[in-house]
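Student: Next up, work18.txt (compact mmCIF, C-alpha atoms).
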# COMPACT_ATOMS: atom_id res chain seq x y z
CA MET A 1 -293.39 -73.43 142.51
CA ARG A 2 -290.39 -74.72 140.59
CA THR A 3 -287.36 -75.58 142.64
CA LYS A 4 -283.89 -76.02 141.28
CA PRO A 5 -281.86 -79.00 142.56
CA GLN A 6 -278.62 -78.06 144.28
CA VAL A 7 -275.26 -79.77 144.57
CA ALA A 8 -275.14 -81.69 147.83
CA PRO A 9 -273.62 -79.30 150.40
CA LEU A 10 -270.09 -80.19 151.30
CA ALA A 11 -269.67 -78.00 154.37
CA GLY A 12 -271.26 -80.40 156.88
CA LEU A 13 -269.35 -83.38 155.46
CA ALA A 14 -265.97 -81.76 155.03
CA PRO A 15 -264.09 -83.27 158.03
CA THR A 16 -265.26 -86.77 157.14
CA THR A 17 -264.61 -86.17 153.45
CA LEU A 18 -261.01 -85.20 154.10
CA ASP A 19 -260.39 -88.30 156.19
CA THR A 20 -262.08 -90.48 153.56
CA LEU A 21 -259.99 -89.07 150.72
CA VAL A 22 -256.71 -89.44 152.61
CA CYS A 23 -257.62 -93.00 153.62
CA PHE A 24 -258.54 -93.77 150.01
CA LEU A 25 -255.13 -92.65 148.79
CA GLN A 26 -253.25 -94.62 151.41
CA THR A 27 -255.33 -97.77 151.01
CA GLN A 28 -255.30 -97.80 147.22
CA ALA A 29 -251.56 -97.21 147.03
CA THR A 30 -250.84 -99.93 149.58
CA GLN A 31 -253.10 -102.43 147.83
CA ARG A 32 -251.11 -101.85 144.64
CA GLY A 33 -247.79 -102.26 146.42
CA PHE A 34 -246.67 -98.60 146.32
CA ARG A 35 -245.35 -96.26 149.00
CA ARG A 36 -244.77 -93.29 146.70
CA VAL A 37 -247.07 -91.25 144.48
CA VAL A 38 -246.58 -88.64 141.78
CA TYR A 39 -249.02 -86.17 140.23
CA GLY A 40 -249.04 -83.18 137.91
CA LEU A 41 -249.32 -79.74 139.47
CA SER A 42 -250.62 -77.05 137.11
CA GLY A 43 -251.24 -74.12 139.41
CA GLY A 44 -255.00 -74.71 139.24
CA VAL A 45 -257.39 -75.57 142.05
CA ASP A 46 -257.91 -79.27 141.21
CA SER A 47 -254.25 -80.22 141.24
CA ALA A 48 -253.68 -77.99 144.28
CA VAL A 49 -256.31 -79.98 146.20
CA VAL A 50 -254.75 -83.27 145.10
CA ALA A 51 -251.31 -81.98 146.12
CA LEU A 52 -252.46 -81.19 149.64
CA LEU A 53 -254.35 -84.47 149.96
CA CYS A 54 -251.25 -86.40 148.86
CA GLN A 55 -249.13 -84.41 151.26
CA ARG A 56 -251.40 -85.46 154.11
CA ALA A 57 -251.47 -89.07 152.99
CA PHE A 58 -247.83 -89.67 152.03
CA LYS A 59 -245.73 -86.79 153.41
CA ASP A 60 -242.26 -86.95 151.78
CA ASN A 61 -243.34 -89.85 149.56
CA ALA A 62 -245.53 -87.58 147.42
CA HIS A 63 -243.95 -85.70 144.52
CA ALA A 64 -245.35 -83.01 142.23
CA LEU A 65 -244.26 -82.49 138.63
CA LEU A 66 -244.59 -79.01 137.15
CA MET A 67 -244.79 -79.41 133.37
CA PRO A 68 -245.29 -76.08 131.61
CA SER A 69 -245.79 -75.92 127.84
CA LEU A 70 -245.33 -72.98 125.47
CA SER A 71 -248.86 -71.81 126.35
CA THR A 72 -248.52 -72.03 130.13
CA PRO A 73 -248.74 -68.55 131.67
CA GLN A 74 -245.95 -67.60 134.05
CA SER A 75 -248.56 -66.97 136.74
CA ALA A 76 -249.57 -70.66 136.72
CA LEU A 77 -245.99 -71.77 137.25
CA THR A 78 -245.56 -69.17 139.98
CA HIS A 79 -248.73 -70.29 141.78
CA ALA A 80 -247.69 -73.95 141.61
CA THR A 81 -244.21 -73.19 142.92
CA GLU A 82 -245.52 -70.99 145.73
CA LEU A 83 -247.96 -73.70 146.79
CA CYS A 84 -245.13 -76.24 147.02
CA GLU A 85 -242.92 -73.92 149.00
CA SER A 86 -245.72 -72.84 151.35
CA PHE A 87 -246.75 -76.40 152.19
CA ASN A 88 -243.31 -78.04 151.96
CA ILE A 89 -244.32 -80.17 148.95
CA ALA A 90 -241.54 -81.96 147.11
CA TYR A 91 -241.56 -80.97 143.44
CA SER A 92 -239.50 -80.81 140.28
CA LEU A 93 -239.79 -78.88 137.03
CA HIS A 94 -240.08 -80.87 133.80
CA SER A 95 -240.82 -78.38 131.04
CA ILE A 96 -242.49 -79.84 127.97
CA ALA A 97 -242.06 -76.57 126.06
CA PRO A 98 -239.21 -77.92 123.87
CA HIS A 99 -241.36 -80.89 122.83
CA HIS A 100 -244.32 -78.58 122.25
CA ALA A 101 -242.12 -76.41 120.03
CA LEU A 102 -240.98 -79.45 118.01
CA PHE A 103 -244.59 -80.53 117.55
CA LYS A 104 -245.59 -77.05 116.33
CA ASP A 105 -242.66 -76.98 113.94
CA SER A 106 -243.45 -80.45 112.58
CA HIS A 107 -247.22 -79.85 112.40
CA LYS A 108 -247.57 -76.26 111.29
CA ASP A 109 -251.31 -76.67 110.63
CA ALA A 110 -252.03 -78.10 114.09
CA SER A 111 -254.92 -76.32 115.80
CA LEU A 112 -254.71 -75.11 119.38
CA ILE A 113 -256.85 -78.08 120.42
CA ARG A 114 -254.46 -80.54 118.74
CA GLN A 115 -251.53 -78.87 120.45
CA GLY A 116 -253.34 -78.95 123.79
CA ASN A 117 -254.15 -82.64 123.47
CA PHE A 118 -250.55 -83.39 122.50
CA CYS A 119 -249.30 -81.54 125.57
CA ALA A 120 -251.82 -83.26 127.85
CA ARG A 121 -250.66 -86.69 126.66
CA LEU A 122 -247.01 -85.67 126.88
CA ARG A 123 -247.55 -84.62 130.49
CA MET A 124 -249.06 -88.01 131.28
CA ALA A 125 -246.16 -89.78 129.52
CA THR A 126 -243.79 -87.71 131.67
CA LEU A 127 -245.69 -88.63 134.83
CA TYR A 128 -245.62 -92.33 134.03
CA ASP A 129 -241.93 -92.19 133.18
CA HIS A 130 -241.23 -90.54 136.53
CA ALA A 131 -243.46 -93.13 138.22
CA LEU A 132 -241.46 -95.98 136.68
CA GLU A 133 -238.15 -94.38 137.63
CA ARG A 134 -239.20 -93.77 141.25
CA ASN A 135 -241.51 -96.78 141.72
CA ALA A 136 -244.44 -94.45 142.30
CA LEU A 137 -248.15 -94.48 141.53
CA VAL A 138 -249.71 -91.81 139.30
CA VAL A 139 -252.52 -89.86 141.00
CA GLY A 140 -255.15 -88.13 138.86
CA THR A 141 -256.51 -84.62 139.22
CA SER A 142 -259.76 -84.59 137.18
CA ASN A 143 -262.95 -83.69 139.02
CA LYS A 144 -266.42 -85.17 138.53
CA SER A 145 -267.80 -82.26 136.50
CA GLU A 146 -264.98 -82.58 133.96
CA ARG A 147 -265.30 -86.35 133.81
CA LEU A 148 -269.08 -86.34 133.26
CA LEU A 149 -268.77 -83.68 130.55
CA GLY A 150 -265.84 -85.44 128.91
CA TYR A 151 -263.89 -82.23 129.38
CA GLY A 152 -260.47 -83.79 129.33
CA THR A 153 -257.99 -85.60 127.11
CA ILE A 154 -258.34 -89.37 126.92
CA PHE A 155 -254.99 -90.94 127.80
CA GLY A 156 -253.94 -87.44 128.82
CA ASP A 157 -255.15 -85.68 131.96
CA LEU A 158 -257.94 -88.27 132.33
CA ALA A 159 -255.38 -91.08 132.70
CA CYS A 160 -254.13 -92.16 136.13
CA ALA A 161 -253.90 -95.11 138.49
CA ILE A 162 -256.08 -93.63 141.25
CA ASN A 163 -258.06 -90.40 141.54
CA PRO A 164 -259.17 -89.00 144.93
CA ILE A 165 -261.32 -86.17 143.54
CA GLY A 166 -263.02 -87.90 140.61
CA ASN A 167 -266.30 -88.09 142.52
CA LEU A 168 -266.36 -84.43 143.57
CA TYR A 169 -268.07 -81.76 141.48
CA LYS A 170 -266.08 -78.62 140.67
CA SER A 171 -268.21 -76.64 143.14
CA GLN A 172 -267.27 -79.12 145.86
CA ILE A 173 -263.61 -78.89 144.90
CA TYR A 174 -263.67 -75.21 145.78
CA ALA A 175 -265.23 -75.93 149.16
CA LEU A 176 -262.61 -78.59 149.83
CA ALA A 177 -259.84 -76.27 148.64
CA ARG A 178 -260.86 -73.65 151.21
CA LEU A 179 -260.77 -76.24 153.97
CA LEU A 180 -257.28 -77.22 152.86
CA GLN A 181 -256.31 -73.52 152.82
CA VAL A 182 -255.43 -73.37 149.14
CA PRO A 183 -254.13 -69.82 148.48
CA GLU A 184 -256.58 -67.21 147.22
CA ASN A 185 -254.54 -66.55 144.07
CA ILE A 186 -255.36 -70.10 142.96
CA LEU A 187 -258.97 -70.03 144.16
CA ASN A 188 -259.80 -66.76 142.44
CA LYS A 189 -258.53 -67.37 138.91
CA PRO A 190 -260.74 -68.80 136.14
CA PRO A 191 -260.43 -72.59 135.68
CA SER A 192 -258.29 -73.39 132.65
CA ALA A 193 -257.03 -76.52 130.90
CA ASP A 194 -253.95 -74.54 129.79
CA PHE A 195 -254.53 -75.47 126.15
CA TYR A 196 -253.68 -71.99 124.88
CA ALA A 197 -253.08 -68.48 126.17
CA GLY A 198 -256.20 -67.02 127.75
CA GLN A 199 -258.11 -70.32 127.60
CA SER A 200 -260.99 -70.64 130.08
CA ASP A 201 -263.02 -73.77 130.85
CA GLU A 202 -266.23 -71.85 131.40
CA ASP A 203 -265.84 -69.78 128.23
CA GLU A 204 -265.46 -72.97 126.20
CA LEU A 205 -268.30 -74.76 127.97
CA GLY A 206 -270.55 -71.74 127.57
CA PHE A 207 -271.72 -71.87 131.18
CA SER A 208 -270.21 -71.54 134.63
CA TYR A 209 -269.65 -74.54 136.88
CA ALA A 210 -272.11 -72.91 139.29
CA GLU A 211 -274.74 -73.42 136.58
CA ILE A 212 -273.52 -76.78 135.34
CA ASP A 213 -273.02 -78.63 138.63
CA PRO A 214 -276.64 -78.48 139.88
CA LEU A 215 -277.78 -79.87 136.53
CA LEU A 216 -275.18 -82.66 136.61
CA PHE A 217 -276.31 -83.51 140.13
CA ALA A 218 -279.96 -83.56 139.06
CA ILE A 219 -279.14 -85.86 136.14
CA GLU A 220 -277.13 -88.18 138.36
CA GLN A 221 -279.88 -88.39 140.98
CA ASN A 222 -282.66 -88.71 138.38
CA PRO A 223 -281.19 -90.37 135.26
CA HIS A 224 -284.69 -91.05 133.92
CA LEU A 225 -285.48 -87.34 133.50
CA ASP A 226 -285.59 -86.19 129.88
CA THR A 227 -284.86 -82.74 128.52
CA ASN A 228 -288.37 -81.41 129.08
CA ALA A 229 -288.44 -82.67 132.67
CA LEU A 230 -285.11 -81.01 133.45
CA VAL A 231 -286.27 -77.74 131.91
CA ALA A 232 -289.45 -78.00 134.00
CA LEU A 233 -287.23 -78.13 137.09
CA GLY A 234 -285.97 -74.66 136.22
CA PHE A 235 -282.85 -75.33 134.18
CA ALA A 236 -282.30 -73.23 131.06
CA PRO A 237 -283.08 -75.19 127.86
CA THR A 238 -279.74 -74.24 126.28
CA LEU A 239 -277.87 -75.44 129.37
CA VAL A 240 -279.72 -78.76 129.44
CA THR A 241 -279.18 -79.42 125.74
CA SER A 242 -275.51 -78.49 125.86
CA VAL A 243 -274.76 -80.66 128.90
CA GLN A 244 -276.74 -83.65 127.62
CA GLU A 245 -274.98 -83.50 124.25
CA ARG A 246 -271.55 -83.29 125.87
CA MET A 247 -272.28 -86.18 128.21
CA ALA A 248 -273.55 -88.40 125.40
CA LYS A 249 -270.74 -87.51 122.99
CA ASN A 250 -267.93 -88.03 125.49
CA ALA A 251 -269.21 -90.95 127.59
CA PHE A 252 -266.70 -93.26 125.86
CA LYS A 253 -263.84 -91.41 127.55
CA LEU A 254 -264.78 -93.00 130.88
CA GLU A 255 -264.99 -96.53 129.48
CA MET A 256 -262.28 -99.14 129.18
CA PRO A 257 -261.25 -99.87 125.56
CA ALA A 258 -263.71 -102.18 123.85
CA ILE A 259 -262.28 -105.65 123.17
CA CYS A 260 -263.98 -108.00 120.76
CA PRO A 261 -265.35 -111.05 122.62
CA LEU A 262 -264.23 -114.19 120.78
Show me, as C-alpha cells, the structure contained in the file I just sent.
Tutor:
Amino acid sequence: MRTKPQVAPLAGLAPTTLDTLVCFLQTQATQRGFRRVVYGLSGGVDSAVVALLCQRAFKDNAHALLMPSLSTPQSALTHATELCESFNIAYSLHSIAPHHALFKDSHKDASLIRQGNFCARLRMATLYDHALERNALVVGTSNKSERLLGYGTIFGDLACAINPIGNLYKSQIYALARLLQVPENILNKPPSADFYAGQSDEDELGFSYAEIDPLLFAIEQNPHLDTNALVALGFAPTLVTSVQERMAKNAFKLEMPAICPL
C-alpha cells in the first residue's frame, strides 16, 4: 500500500518551537551588536507570525513597517494595522505607492511581475534605510516552502539579516500562527505576494501548500529520490515535475553571489 509522506507535525513541538524561535532572535541580534529589529508587515500570515515572535523577543525594540504599493488591497493594510493595535506592536506607515507610480510611468511596458519585483526590492531598501537610521537589524519573513521553491524576489523579500521562520514550511506557519493567536481574518485569506490585484500564491504555483509541503518534506528527507520514486510514493506526476523544476531553476536565489577565485 502506498503511503504519502507528511510534513512533520508541529503540534507536539509547538511550545519548544516558540521558545527556540524567540531565543534565536535574541541571540542572533545580540551577537551582531543590535538591540532593535525592524521587519515588513504585509497583513499576511508569515509577517504576522514574525511580528508576534519579534514582539515576544524584543518588546518595544521591535518595529513594523507597513509599505503598501499601488496594488496592495485596503484589506491587507487594515489587517496589518489591526494586528499591531491588538498586540501593541510599534509600527509606521511608509507607502511605496508614489515610487510604484513613478516606475509605472517611466516603464509603461513593465509587466506585473516586473512591477512586483521592483516593489519587493523597494520595500527591502526602505527596511534597510530604517534599520540604518534606527540602528536596527532587518528580520526576514520568508518561510521554507517559499525559499525552496524560489518563490520570492532575490534582494527583495528574500533579503534580510536573520530569519526566524525560514526553516518552517507554510503548513507549519499556520500551526504556529494559531498558537500565537493570529487573527482569523489573516489566517483565512489566500496567501499572496501582493504583486498585483487578486494575486494568489497557490494560483500561480498551480497547487496548494497542503499539496506542496508533503512533497518538499519528502524531497528534503530523501534527496536521492528521483521523479519516478516520488510518484511511486503517491505524489501526482504534475506536482512532482512542477516542484522539481522550480527548485532546480531557483536554487541560485539561496546562494551567496559567486566570486571568481583568483
Student: Extract, using only C-alpha atoms, all DNA, RNA and protein residues at most 12 Å from Arg56 of chain A, discarding same-chain residues fewer than 4 positions from it, and format them as a list of chain:residue names.
Tutor: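 Residues meeting the cut-off are A:Leu18, A:Asp19, A:Thr20, A:Leu21, A:Val22, A:Cys23, A:Phe24, A:Leu25, A:Gln26, A:Val49, A:Val50, A:Ala51, A:Leu52, A:Asp60, A:Asn61, A:Ala62, A:Phe87, A:Asn88, A:Ile89, A:Leu180.
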Student: So that I can check the surroundings of segment 129-146 of chain A, please list as a ChimeraX atom specification every protein, DNA and RNA residue that reaches within 6 Å of it, counting only C-alpha atoms and ignoring chain neighbours fewer than 5 positions away.
Tutor: /A:36-39,46-47,151,160-163,165-170
Student: Can you write out as CSV which residues of segment 145-259 of chain A fall within 7 Å of segment 113-120 of chain A, alongside each residue's closest atom pair and its distance in Å to one decimal, counting only C-alpha atoms and ordering rows by chain and ascending residue number?
Tutor:
residue,atom,partner,partner_atom,distance
A:Thr153,CA,A:Asn117,CA,6.1
A:Gly156,CA,A:Ala120,CA,4.8
A:Asp157,CA,A:Ala120,CA,5.8
A:Phe195,CA,A:Gly116,CA,4.4
Student: Enter the distance from atom CA of Leu230 of chain A to atom CA of Phe207 of chain A, in Å, rounded to one decimal.
Tutor: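 Atom CA of Phe207 of chain A lies at a distance of 16.4 Å from atom CA of Leu230 of chain A.
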Student: Closest to Cys54 of chain A among A:Asn228, A:His100, A:Pro164, A:Phe155, using only C-alpha atoms?
Tutor: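 The answer is A:Pro164, which sits nearest to Cys54 of chain A.
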Student: Could you check the closest approach to Gln172 of chain A for each of A:Pro214, A:Gly206, A:Pro190, A:Pro257 and tell me which residue wins, using only C-alpha atoms?
Tutor: A:Pro214
Student: Work out how far apart atom CA of Ala197 of chain A and atom CA of Thr238 of chain A are and give it in Å to one decimal.
Tutor: 27.3 Å
